>>> print(open('upload26.txt').read())   # compact mmCIF, C-alpha atoms and all ligand atoms
# COMPACT_ATOMS: atom_id res chain seq x y z
CA MET A 1 60.98 51.19 52.30
CA ASP A 2 60.53 47.46 51.79
CA SER A 3 60.55 46.24 48.24
CA VAL A 4 59.58 43.41 45.95
CA ARG A 5 61.78 42.26 43.07
CA LEU A 6 60.05 40.70 40.10
CA LYS A 7 61.23 37.65 38.18
CA LYS A 8 62.90 38.41 34.87
CA GLY A 9 60.29 39.07 32.16
CA LYS A 10 57.49 39.77 34.66
CA GLU A 11 58.00 43.55 34.52
CA LYS A 12 56.24 43.99 31.17
CA ALA A 13 52.69 44.39 32.49
CA VAL A 14 53.89 46.75 35.22
CA ARG A 15 55.64 48.92 32.61
CA GLN A 16 52.33 49.02 30.72
CA LEU A 17 50.73 50.45 33.90
CA HIS A 18 48.69 47.36 34.74
CA PRO A 19 47.89 47.67 38.47
CA TRP A 20 48.32 44.05 39.56
CA VAL A 21 51.41 42.02 40.51
CA PHE A 22 50.55 38.35 41.06
CA SER A 23 52.40 36.47 43.78
CA GLY A 24 53.88 34.12 41.15
CA ALA A 25 55.70 37.05 39.49
CA ILE A 26 57.71 37.84 42.62
CA ASP A 27 61.32 36.69 42.88
CA HIS A 28 62.25 38.21 46.24
CA VAL A 29 60.70 40.26 49.04
CA LYS A 30 63.18 42.61 50.75
CA GLY A 31 62.32 43.48 54.35
CA LYS A 32 59.24 42.33 56.22
CA PRO A 33 56.33 44.29 54.79
CA GLU A 34 52.99 43.94 56.51
CA ASN A 35 49.75 43.67 54.63
CA GLY A 36 48.68 47.10 53.48
CA ASP A 37 52.21 48.59 53.63
CA ILE A 38 53.35 50.71 50.70
CA ILE A 39 56.32 49.03 49.06
CA MET A 40 58.51 49.55 46.01
CA VAL A 41 58.44 47.15 43.08
CA THR A 42 61.60 46.66 41.04
CA ASP A 43 62.55 44.67 37.97
CA SER A 44 65.05 41.80 38.09
CA ASN A 45 67.92 44.35 37.97
CA ASN A 46 66.57 46.11 41.06
CA ASP A 47 65.50 49.13 38.99
CA PHE A 48 62.41 50.98 40.18
CA LEU A 49 59.10 50.16 38.46
CA ALA A 50 56.29 51.36 40.73
CA TYR A 51 54.90 51.76 44.24
CA GLY A 52 51.99 49.75 45.51
CA PHE A 53 50.48 48.13 48.55
CA PHE A 54 51.54 44.72 49.60
CA ASN A 55 49.40 41.75 50.63
CA ASP A 56 50.86 38.25 50.87
CA GLN A 57 47.41 36.81 51.62
CA SER A 58 46.05 37.79 48.23
CA ARG A 59 46.50 36.29 44.76
CA VAL A 60 47.34 39.86 43.78
CA ALA A 61 50.35 40.35 46.03
CA VAL A 62 50.90 44.01 45.12
CA ARG A 63 48.30 46.51 43.94
CA LEU A 64 50.12 49.26 42.15
CA LEU A 65 49.37 52.90 42.81
CA GLU A 66 52.12 55.09 41.41
CA TRP A 67 54.72 54.74 38.64
CA ASN A 68 56.69 57.90 39.31
CA LEU A 69 59.74 57.37 41.57
CA GLU A 70 59.64 60.95 42.93
CA THR A 71 55.98 60.89 43.96
CA GLU A 72 55.31 60.10 47.60
CA ILE A 73 52.10 58.27 48.42
CA ASN A 74 50.90 60.32 51.34
CA GLU A 75 47.68 61.88 52.56
CA THR A 76 47.79 64.53 49.80
CA TRP A 77 48.14 61.77 47.19
CA TRP A 78 45.09 59.89 48.48
CA ARG A 79 42.98 63.02 48.76
CA LYS A 80 43.82 63.98 45.18
CA LYS A 81 42.80 60.57 43.81
CA ILE A 82 39.49 60.73 45.71
CA ARG A 83 38.88 64.28 44.49
CA ASN A 84 39.55 63.29 40.89
CA ALA A 85 37.04 60.44 41.10
CA VAL A 86 34.39 62.73 42.54
CA LYS A 87 35.12 65.35 39.88
CA LEU A 88 34.60 62.84 37.06
CA ARG A 89 31.00 62.33 38.24
CA ALA A 90 30.15 65.99 38.75
CA ASP A 91 28.00 66.18 35.61
CA LEU A 92 26.08 63.03 36.50
CA HIS A 93 24.43 64.65 39.48
CA THR A 94 21.40 66.47 38.10
CA ASP A 95 17.83 67.18 39.14
CA GLN A 96 16.96 63.90 37.36
CA THR A 97 19.69 61.66 38.80
CA ASN A 98 21.22 61.54 42.27
CA THR A 99 22.49 57.96 42.42
CA TYR A 100 25.73 56.77 40.83
CA ARG A 101 29.09 55.16 41.56
CA VAL A 102 31.48 57.74 43.00
CA ILE A 103 34.63 55.56 43.15
CA PHE A 104 35.22 52.42 41.09
CA SER A 105 38.33 50.75 42.44
CA GLU A 106 41.22 50.24 39.98
CA ALA A 107 39.36 52.23 37.31
CA ASP A 108 39.74 55.29 39.56
CA TYR A 109 43.31 54.38 40.60
CA LEU A 110 42.03 53.34 44.06
CA PRO A 111 42.33 49.53 44.15
CA GLY A 112 39.79 47.85 46.40
CA LEU A 113 37.62 50.88 47.06
CA ILE A 114 34.03 51.23 45.88
CA VAL A 115 31.76 54.11 46.83
CA ASP A 116 28.16 54.45 45.67
CA ARG A 117 25.99 57.49 46.17
CA TYR A 118 22.34 57.20 47.10
CA ALA A 119 21.04 60.78 47.30
CA ASP A 120 22.30 62.07 50.67
CA PHE A 121 23.90 58.77 51.69
CA LEU A 122 27.08 56.99 50.63
CA SER A 123 27.70 53.26 50.66
CA VAL A 124 31.35 52.24 50.93
CA GLN A 125 33.11 48.94 50.24
CA ILE A 126 36.67 48.57 51.48
CA LEU A 127 38.15 45.42 49.96
CA THR A 128 41.92 45.79 50.41
CA SER A 129 44.01 46.24 53.53
CA GLY A 130 45.77 49.19 51.88
CA VAL A 131 42.49 51.11 51.66
CA GLU A 132 41.50 49.98 55.17
CA ARG A 133 44.56 51.91 56.42
CA ILE A 134 43.41 55.20 54.88
CA LYS A 135 39.76 54.87 55.92
CA HIS A 136 39.95 58.02 58.07
CA ILE A 137 41.28 60.07 55.13
CA LEU A 138 38.62 58.62 52.86
CA LEU A 139 35.75 59.44 55.20
CA ASP A 140 37.05 62.94 55.82
CA GLU A 141 37.52 63.69 52.13
CA LEU A 142 34.11 62.28 51.15
CA GLN A 143 32.51 64.30 53.91
CA SER A 144 34.11 67.53 52.76
CA LEU A 145 33.45 66.95 49.03
CA LEU A 146 29.91 65.53 49.12
CA ASN A 147 28.59 66.42 52.56
CA PRO A 148 26.49 63.25 52.95
CA LYS A 149 24.06 62.77 55.84
CA GLY A 150 25.62 59.38 56.45
CA ILE A 151 28.28 56.98 55.18
CA PHE A 152 27.44 53.29 55.46
CA ASP A 153 29.78 50.28 55.25
CA ARG A 154 28.71 47.50 52.83
CA SER A 155 32.12 45.80 52.46
CA ASP A 156 31.57 42.35 51.00
CA ALA A 157 32.83 39.73 53.46
CA SER A 158 33.86 37.15 50.84
CA ALA A 159 35.86 39.71 48.80
CA ARG A 160 37.63 40.72 52.01
CA ALA A 161 38.27 37.08 52.89
CA HIS A 162 40.05 36.65 49.51
CA GLU A 163 42.43 39.37 50.69
CA GLY A 164 42.92 37.67 54.07
CA MET A 165 40.92 40.44 55.76
CA GLU A 166 38.42 40.02 58.53
CA ALA A 167 34.78 40.77 57.78
CA SER A 168 34.15 44.41 58.58
CA SER A 169 31.79 45.25 61.39
CA GLY A 170 29.62 47.13 58.89
CA GLY A 171 27.13 49.75 59.84
CA VAL A 172 27.41 53.51 60.01
CA LEU A 173 30.91 54.90 59.46
CA LEU A 174 29.98 58.56 59.68
CA GLY A 175 26.89 60.68 60.25
CA ILE A 176 23.45 59.19 60.70
CA GLU A 177 22.02 55.77 59.90
CA PRO A 178 20.10 55.66 56.62
CA PRO A 179 16.35 55.03 56.89
CA GLU A 180 15.20 51.52 55.87
CA PHE A 181 14.49 52.91 52.40
CA VAL A 182 16.31 55.88 50.92
CA SER A 183 14.53 57.52 48.02
CA VAL A 184 16.77 58.18 45.00
CA ARG A 185 16.19 59.47 41.46
CA GLU A 186 17.57 58.03 38.25
CA ASN A 187 16.65 59.63 34.95
CA GLY A 188 13.60 61.15 36.59
CA ILE A 189 12.31 57.88 38.05
CA PHE A 190 12.17 57.38 41.83
CA TYR A 191 13.56 54.27 43.47
CA GLN A 192 13.54 53.08 47.05
CA VAL A 193 16.93 51.70 48.02
CA ASN A 194 17.59 49.57 51.06
CA ILE A 195 21.23 50.54 51.66
CA ALA A 196 21.74 48.17 54.57
CA GLU A 197 20.23 45.02 53.04
CA GLY A 198 19.67 45.47 49.31
CA GLN A 199 21.70 43.44 46.80
CA LYS A 200 25.13 44.67 45.75
CA SER A 201 25.30 47.98 47.61
CA GLY A 202 21.54 48.48 47.29
CA PHE A 203 20.93 49.23 43.63
CA TYR A 204 22.42 48.39 40.21
CA CYS A 205 23.35 51.89 39.06
CA ASP A 206 25.51 50.43 36.27
CA GLN A 207 22.37 49.86 34.15
CA ARG A 208 21.25 53.50 34.27
CA ASP A 209 21.85 54.37 30.59
CA ASN A 210 20.82 50.96 29.28
CA ARG A 211 17.45 51.08 31.07
CA LYS A 212 16.70 54.35 29.35
CA TRP A 213 17.84 53.18 25.91
CA VAL A 214 15.93 49.90 26.02
CA ALA A 215 12.77 51.68 27.19
CA GLU A 216 12.83 53.88 24.10
CA TYR A 217 11.34 50.89 22.27
CA ALA A 218 8.68 50.15 24.88
CA LYS A 219 5.75 52.36 23.90
CA GLY A 220 2.67 50.24 23.21
CA ARG A 221 4.66 47.03 23.61
CA LYS A 222 4.28 44.07 25.97
CA VAL A 223 7.51 43.87 28.00
CA LEU A 224 8.94 40.96 29.99
CA ASP A 225 11.67 42.06 32.44
CA CYS A 226 13.62 39.02 33.64
CA PHE A 227 15.91 39.36 36.69
CA SER A 228 14.08 42.61 37.41
CA TYR A 229 15.47 43.31 40.90
CA SER A 230 13.71 46.50 42.06
CA GLY A 231 12.42 47.18 38.55
CA GLY A 232 14.99 49.35 36.78
CA PHE A 233 13.98 48.19 33.30
CA SER A 234 10.30 47.65 34.23
CA LEU A 235 9.81 51.20 35.53
CA ASN A 236 11.51 52.79 32.52
CA ALA A 237 9.21 50.76 30.24
CA MET A 238 6.20 51.94 32.25
CA LYS A 239 7.31 55.55 32.03
CA ASN A 240 7.48 55.15 28.26
CA GLU A 241 3.94 53.73 28.18
CA ALA A 242 4.47 50.05 27.53
CA SER A 243 1.12 48.32 27.00
CA GLU A 244 1.93 45.82 29.77
CA VAL A 245 4.94 44.92 31.91
CA ILE A 246 5.72 41.58 33.58
CA SER A 247 8.68 41.41 36.00
CA VAL A 248 10.31 38.17 37.15
CA ASP A 249 12.83 37.79 39.99
CA SER A 250 13.57 35.10 42.55
CA SER A 251 13.98 37.56 45.42
CA ALA A 252 10.97 38.54 47.52
CA LEU A 253 12.75 41.65 48.83
CA ALA A 254 13.50 42.76 45.25
CA LEU A 255 9.85 42.40 44.19
CA ASP A 256 8.61 44.05 47.36
CA THR A 257 10.82 47.04 46.54
CA LEU A 258 9.58 47.02 42.95
CA LYS A 259 6.00 47.29 44.23
CA ARG A 260 6.96 50.31 46.34
CA ASN A 261 8.70 51.85 43.35
CA ILE A 262 5.59 51.58 41.19
CA GLU A 263 3.63 53.27 43.96
CA ILE A 264 5.98 56.23 44.48
CA ASN A 265 6.16 56.86 40.74
CA ASP A 266 2.40 56.46 40.36
CA PHE A 267 2.72 54.14 37.36
CA HIS A 268 -0.59 52.40 38.20
CA ASN A 269 -2.03 53.14 34.76
CA ILE A 270 0.24 50.51 33.14
CA PRO A 271 -0.90 46.89 33.64
CA HIS A 272 1.82 45.15 35.63
CA SER A 273 2.38 41.76 37.16
CA GLN A 274 5.34 40.44 39.10
CA ILE A 275 6.28 36.81 39.46
CA GLN A 276 8.61 35.48 42.13
CA SER A 277 10.28 32.57 40.43
CA ASP A 278 13.41 31.16 38.88
CA VAL A 279 13.63 32.78 35.44
CA ASN A 280 14.65 29.56 33.71
CA LYS A 281 11.60 27.80 35.08
CA GLN A 282 9.28 30.70 34.40
CA LEU A 283 10.33 30.99 30.75
CA ARG A 284 9.37 27.34 30.31
CA VAL A 285 6.00 28.00 31.96
CA PHE A 286 5.38 30.89 29.53
CA ARG A 287 6.23 28.56 26.65
CA GLU A 288 3.76 25.93 27.82
CA GLU A 289 1.12 28.62 28.17
CA ASN A 290 1.93 29.91 24.70
CA GLU A 291 2.57 33.39 26.11
CA LYS A 292 4.37 35.85 23.80
CA PHE A 293 6.08 39.20 24.32
CA ASP A 294 7.27 42.13 22.20
CA ILE A 295 10.35 42.92 24.27
CA ILE A 296 12.25 40.64 26.65
CA ILE A 297 15.02 41.88 28.95
CA LEU A 298 17.54 39.40 30.34
CA ASP A 299 19.83 40.83 33.02
CA PRO A 300 21.06 37.77 34.91
CA PRO A 301 23.60 37.72 37.75
CA LYS A 302 27.24 36.99 36.92
CA TYR A 303 27.31 33.45 35.47
CA ALA A 304 31.11 33.38 35.03
CA PRO A 305 32.90 34.73 38.12
CA SER A 306 36.21 33.60 36.54
CA ARG A 307 37.64 32.16 33.34
CA SER A 308 37.44 28.64 34.70
CA ALA A 309 33.66 28.95 34.81
CA LEU A 310 33.41 29.99 31.15
CA THR A 311 32.22 26.73 29.60
CA LYS A 312 29.43 26.25 32.09
CA ALA A 313 28.49 29.93 31.94
CA SER A 314 28.37 29.99 28.12
CA ARG A 315 25.95 27.09 28.18
CA ALA A 316 23.77 28.85 30.76
CA TYR A 317 23.73 32.11 28.75
CA LYS A 318 22.93 30.20 25.59
CA ASP A 319 20.05 28.27 27.11
CA LEU A 320 18.56 31.35 28.74
CA ASN A 321 18.71 33.38 25.52
CA ARG A 322 17.38 30.51 23.40
CA MET A 323 14.34 30.22 25.64
CA ALA A 324 13.70 33.98 25.49
CA MET A 325 13.95 34.03 21.69
CA LEU A 326 11.19 31.42 21.49
CA LEU A 327 8.86 33.67 23.49
CA LEU A 328 9.14 36.75 21.26
CA ASN A 329 6.59 37.83 18.70
CA GLU A 330 7.88 38.08 15.12
CA GLY A 331 10.29 41.04 14.97
CA GLY A 332 10.39 41.27 18.76
CA LEU A 333 13.35 42.68 20.67
CA LEU A 334 15.66 40.88 23.04
CA ALA A 335 17.77 43.12 25.30
CA THR A 336 20.30 40.71 26.72
CA PHE A 337 23.11 41.43 29.17
CA SER A 338 26.13 39.77 30.73
CA CYS A 339 28.02 41.22 33.70
CA SER A 340 30.67 38.49 33.58
CA GLY A 341 34.04 40.11 32.95
CA ALA A 342 35.32 36.82 31.51
CA VAL A 343 32.76 36.97 28.67
CA ASP A 344 33.71 39.74 26.25
CA ILE A 345 31.41 41.28 23.69
CA SER A 346 32.56 39.13 20.78
CA MET A 347 32.11 35.95 22.81
CA PHE A 348 28.70 37.18 23.92
CA LYS A 349 27.67 37.76 20.28
CA GLN A 350 28.83 34.24 19.48
CA ILE A 351 26.74 32.80 22.32
CA ILE A 352 23.68 34.68 21.06
CA ALA A 353 24.34 33.40 17.53
CA TRP A 354 24.44 29.81 18.83
CA ALA A 355 21.25 30.38 20.83
CA ALA A 356 19.55 31.68 17.68
CA LEU A 357 20.64 28.67 15.64
CA ASP A 358 19.25 26.32 18.27
CA ALA A 359 16.01 28.27 18.48
CA GLY A 360 15.68 28.33 14.68
CA LYS A 361 15.61 32.15 14.71
CA ASN A 362 17.39 34.98 12.92
CA VAL A 363 19.12 37.68 14.93
CA GLN A 364 20.03 41.21 13.94
CA PHE A 365 22.17 43.09 16.44
CA ILE A 366 20.75 46.60 16.45
CA GLN A 367 22.48 48.17 19.44
CA GLN A 368 25.40 47.37 21.72
CA PHE A 369 25.46 48.31 25.39
CA SER A 370 28.22 48.70 27.95
CA GLN A 371 28.82 50.31 31.32
CA PRO A 372 28.13 54.00 32.01
CA ALA A 373 30.50 56.92 32.68
CA ASP A 374 30.61 56.35 36.44
CA HIS A 375 32.03 52.87 35.74
CA PRO A 376 34.96 53.93 33.53
CA VAL A 377 37.33 51.43 31.96
CA ARG A 378 40.98 52.31 32.52
CA SER A 379 43.00 51.56 29.40
CA SER A 380 45.71 49.80 31.43
CA PHE A 381 43.11 47.68 33.25
CA PRO A 382 40.83 45.96 30.73
CA GLU A 383 39.61 43.63 33.50
CA GLY A 384 37.44 46.52 34.69
CA GLU A 385 35.20 46.18 31.64
CA TYR A 386 32.50 43.77 32.74
CA LEU A 387 29.04 44.89 31.60
CA LYS A 388 27.92 44.28 28.05
CA GLY A 389 24.61 43.95 26.33
CA LEU A 390 23.00 43.51 22.94
CA LEU A 391 19.71 44.67 21.59
CA CYS A 392 18.65 41.95 19.17
CA ARG A 393 15.80 41.90 16.68
CA ILE A 394 14.49 38.37 16.49
CA SER A 395 12.65 36.99 13.45
N1 LIG B 401 17.86 44.24 36.12
C1 LIG B 401 18.10 44.63 37.49
C2 LIG B 401 19.36 44.05 38.07
C3 LIG B 401 19.46 42.55 38.01
S1 LIG B 401 20.55 41.87 39.14
C4 LIG B 401 18.07 46.14 37.59
O1 LIG B 401 17.94 46.82 36.56
O2 LIG B 401 18.20 46.65 38.70
C5 LIG B 401 20.14 40.20 39.08
C6 LIG B 401 18.82 39.82 39.71
O3 LIG B 401 18.57 38.46 39.41
C7 LIG B 401 18.73 39.93 41.22
O4 LIG B 401 17.63 40.72 41.56
C8 LIG B 401 18.50 38.48 41.71
O5 LIG B 401 17.57 38.41 42.79
C9 LIG B 401 17.93 37.84 40.49
N2 LIG B 401 18.15 36.40 40.30
C10 LIG B 401 19.30 35.71 40.45
N3 LIG B 401 19.14 34.44 40.03
C11 LIG B 401 17.86 34.32 39.61
C12 LIG B 401 17.09 33.28 39.05
N4 LIG B 401 17.63 32.08 38.81
N5 LIG B 401 15.81 33.52 38.71
C13 LIG B 401 15.26 34.73 38.94
N6 LIG B 401 15.95 35.76 39.44
C14 LIG B 401 17.23 35.57 39.78
>>> encode(input="upload26.txt", output="structure tokens")
Amino acid sequence: MDSVRLKKGKEKAVRQLHPWVFSGAIDHVKGKPENGDIIMVTDSNNDFLAYGFFNDQSRVAVRLLEWNLETEINETWWRKKIRNAVKLRADLHTDQTNTYRVIFSEADYLPGLIVDRYADFLSVQILTSGVERIKHILLDELQSLLNPKGIFDRSDASARAHEGMEASSGGVLLGIEPPEFVSVRENGIFYQVNIAEGQKSGFYCDQRDNRKWVAEYAKGRKVLDCFSYSGGFSLNAMKNEASEVISVDSSALALDTLKRNIEINDFHNIPHSQIQSDVNKQLRVFREENEKFDIIILDPPKYAPSRSALTKASRAYKDLNRMAMLLLNEGGLLATFSCSGAVDISMFKQIIAWAALDAGKNVQFIQQFSQPADHPVRSSFPEGEYLKGLLCRIS
């Protein structure tokens, strides 16, 4: 087996079971491993540390899989990891919910593999050449464990490009093609999901718990759902009898899907309007019109894709939250989220505090949100913790 020797001092993170070896930590590559090959990683004394798959095209040159010298990474190994991930989600599948993340990459010890379930269909993202190699095992195991009608490829081309991989051909990997809209349930609410063309892999199932918790405050309240996508927060607020719901998103497809979702849930009794616009612009329009709300939800896309974008992203989060605070009635609630891994919860609280100072408002944090059970955070991989939110009372 080919191997990689680390520079002296670079073995610490590996010993702590962190799954990444950066190319800069490597002293010497023994043999001629190809991308996706399983190799051995050793410390500077050539003592075994771990096994992982190699990729000299990636910033992360080795993705570690196994820390036990005696354990062979073979078909049985892969099947067991997939089975464990599926098992962890067994309790999430109920008569109320049939959409969730089945496999979450490093957090499930399967680096570069994401699988989402949409009722009888699975959407798969293969983002490392190591996982590409075991695609046949993956499909077979998923088929036997979950018996989907179809498995669809949604591998993100830019993530693959970062790994030096070609864009995947996409499309159906197994079984039948999903219909244009697959109907799924989440906490008893129906959603139409466009698996082939929807954002992310079709739906943001990571907000499942938070949608429900925020909506507990919605009864009789006027709710503004910013960055609504297909209406996760809007529909939960409607179910809980908000007095009125306004949804804002820049995507026509998202709002079109939201409209369908209101129809299939028969939420017509709640006054609703949807505005296709840039949220930052629309908040300023509301301010000019002197419009006020009881609850505002802010669930923007990732403003900080990396640490280097932090300064700019902090400013954007601050401005967005400041504007929202100015639109709330006295004692109103702001449910604000960040899915930027580089912004942790204490930094996010600080940003909200700055926004409040600028807006001349007081903030009480009354609830903290994070990611749900199907997006676990592995203790040796804190990078996997990305979603955070705060429920703030503004006065
Ligand atoms: N809250 C949603 C998920 C939001 S994802 C849910 O519960 O499902 C982020 C959304 O923001 C996407 O739908 C995207 O179309 C939208 N978006 C991105 N930039 C935007 C902008 N500047 N103004 C309005 N919407 C934007």
>>> residues_near_ligand(input="upload26.txt", ligand="ligand LIG 401 (chain B)", cutoff="9 Å", atoms="only C-alpha atoms and all ligand atoms", output="ChimeraX atom specification")
/A:199-200,203-208,210-211,225-234,248-255,276-282,297-302
>>> atom_distance(input="upload26.txt", atom1="CA of Asp153 (chain A)", atom2="CA of Val172 (chain A)")
6.2 Å
>>> atom_distance(input="upload26.txt", atom1="CA of Ile295 (chain A)", atom2="CA of Glu216 (chain A)")
11.2 Å
>>> residues_around(input="upload26.txt", residues="Ser346 (chain A)", least_positions_apart="4", cutoff="12 Å", atoms="all atoms listed in the file", output="PyMOL selection string")
chain A and resi 338+342+350-353+365+368+388-390
>>> closest_residue(input="upload26.txt", among="A:Ser3, A:Glu385, A:Val115, A:Leu327", to="Asp43 (chain A)", atoms="only C-alpha atoms")
A:Ser3
>>> residues_around(input="upload26.txt", residues="Phe152 (chain A)", least_positions_apart="2", cutoff="10 Å", atoms="all atoms listed in the file", output="list in words")
Val115, Asp116, Phe121, Leu122, Ser123, Val124, Gln125, Gly150, Arg154, Ser155, Gly170, Gly171, Val172, Leu173, Leu174, Gly175, Ile176, Glu177, Pro178, Ile195, Ala196 and Ser201 of chain A
>>> atom_distance(input="upload26.txt", atom1="CA of Glu197 (chain A)", atom2="CA of Leu113 (chain A)")
19.3 Å
>>> residues_around(input="upload26.txt", residues="Asn187 (chain A)", least_positions_apart="3", cutoff="10 Å", atoms="only C-alpha atoms", output="ChimeraX atom specification")
/A:94-99,190,208-209,211-212,236
>>> residues_around(input="upload26.txt", residues="Asp266 (chain A)", least_positions_apart="5", cutoff="12 Å", atoms="all atoms listed in the file", output="PyMOL selection string")
chain A and resi 189-191+235+238-239+259-261
>>> residues_around(input="upload26.txt", residues="Tyr217 (chain A)", least_positions_apart="5", cutoff="10 Å", atoms="only C-alpha atoms", output="ChimeraX atom specification")
/A:212,223,237,240-242,294-295,333
>>> residues_near_point(input="upload26.txt", point="(32.8, 51.8, 33.3)", cutoff="10 Å", atoms="all atoms listed in the file", output="list in words")
Arg101, Phe104, Ala107, Asp108, Asp206, Ser370, Gln371, Pro372, Ala373, Asp374, His375, Pro376, Val377, Arg378, Gly384, Glu385, Tyr386 and Leu387 of chain A
>>> closest_residue(input="upload26.txt", among="A:Ile246, A:Val60, A:Met347, A:Met323", to="Ile275 (chain A)", atoms="only C-alpha atoms")
A:Ile246
>>> decode(input="upload26.txt", residues="region 375-390 of chain A", atoms="N, CA, C and O atoms", output="mmCIF file, in the first residue's frame")
data_model
loop_
_atom_site.group_PDB
_atom_site.id
_atom_site.type_symbol
_atom_site.label_atom_id
_atom_site.label_comp_id
_atom_site.auth_asym_id
_atom_site.auth_seq_id
_atom_site.Cartn_x
_atom_site.Cartn_y
_atom_site.Cartn_z
ATOM 1 N N HIS A 375 -28.179 15.977 10.799
ATOM 2 C CA HIS A 375 -26.961 16.706 10.442
ATOM 3 C C HIS A 375 -26.054 16.723 11.666
ATOM 4 O O HIS A 375 -25.757 17.777 12.229
ATOM 5 N N PRO A 376 -25.626 15.537 12.129
ATOM 6 C CA PRO A 376 -24.868 15.471 13.382
ATOM 7 C C PRO A 376 -23.530 16.202 13.280
ATOM 8 O O PRO A 376 -23.029 16.424 12.175
ATOM 9 N N VAL A 377 -22.998 16.569 14.432
ATOM 10 C CA VAL A 377 -21.661 17.169 14.455
ATOM 11 C C VAL A 377 -20.738 16.148 15.115
ATOM 12 O O VAL A 377 -20.948 15.748 16.255
ATOM 13 N N ARG A 378 -19.742 15.724 14.380
ATOM 14 C CA ARG A 378 -18.783 14.745 14.910
ATOM 15 C C ARG A 378 -17.783 15.494 15.787
ATOM 16 O O ARG A 378 -17.246 16.517 15.359
ATOM 17 N N SER A 379 -17.524 14.968 16.973
ATOM 18 C CA SER A 379 -16.704 15.728 17.930
ATOM 19 C C SER A 379 -15.305 16.001 17.385
ATOM 20 O O SER A 379 -14.694 17.015 17.704
ATOM 21 N N SER A 380 -14.798 15.116 16.536
ATOM 22 C CA SER A 380 -13.457 15.317 15.977
ATOM 23 C C SER A 380 -13.493 16.131 14.680
ATOM 24 O O SER A 380 -12.485 16.266 14.001
ATOM 25 N N PHE A 381 -14.679 16.662 14.341
ATOM 26 C CA PHE A 381 -14.794 17.442 13.099
ATOM 27 C C PHE A 381 -15.727 18.641 13.321
ATOM 28 O O PHE A 381 -16.849 18.690 12.816
ATOM 29 N N PRO A 382 -15.241 19.616 14.118
ATOM 30 C CA PRO A 382 -16.109 20.760 14.436
ATOM 31 C C PRO A 382 -16.518 21.558 13.198
ATOM 32 O O PRO A 382 -17.530 22.256 13.219
ATOM 33 N N GLU A 383 -15.760 21.420 12.117
ATOM 34 C CA GLU A 383 -16.102 22.133 10.870
ATOM 35 C C GLU A 383 -17.496 21.769 10.367
ATOM 36 O O GLU A 383 -18.089 22.494 9.572
ATOM 37 N N GLY A 384 -17.993 20.613 10.796
ATOM 38 C CA GLY A 384 -19.311 20.171 10.326
ATOM 39 C C GLY A 384 -20.466 20.925 10.957
ATOM 40 O O GLY A 384 -21.608 20.779 10.546
ATOM 41 N N GLU A 385 -20.165 21.739 11.957
ATOM 42 C CA GLU A 385 -21.223 22.520 12.609
ATOM 43 C C GLU A 385 -21.361 23.835 11.849
ATOM 44 O O GLU A 385 -20.476 24.677 11.897
ATOM 45 N N TYR A 386 -22.430 24.014 11.140
ATOM 46 C CA TYR A 386 -22.533 25.208 10.295
ATOM 47 C C TYR A 386 -23.795 26.030 10.543
ATOM 48 O O TYR A 386 -23.796 27.236 10.382
ATOM 49 N N LEU A 387 -24.885 25.384 10.947
ATOM 50 C CA LEU A 387 -26.146 26.122 11.061
ATOM 51 C C LEU A 387 -26.370 26.612 12.485
ATOM 52 O O LEU A 387 -26.260 25.832 13.422
ATOM 53 N N LYS A 388 -26.643 27.889 12.617
ATOM 54 C CA LYS A 388 -26.948 28.437 13.936
ATOM 55 C C LYS A 388 -28.010 29.505 13.804
ATOM 56 O O LYS A 388 -28.151 30.118 12.735
ATOM 57 N N GLY A 389 -28.755 29.691 14.858
ATOM 58 C CA GLY A 389 -29.791 30.710 14.801
ATOM 59 C C GLY A 389 -30.120 31.219 16.182
ATOM 60 O O GLY A 389 -29.787 30.597 17.192
ATOM 61 N N LEU A 390 -30.739 32.386 16.217
ATOM 62 C CA LEU A 390 -31.104 33.016 17.485
ATOM 63 C C LEU A 390 -32.520 33.541 17.393
ATOM 64 O O LEU A 390 -32.892 34.157 16.376
#
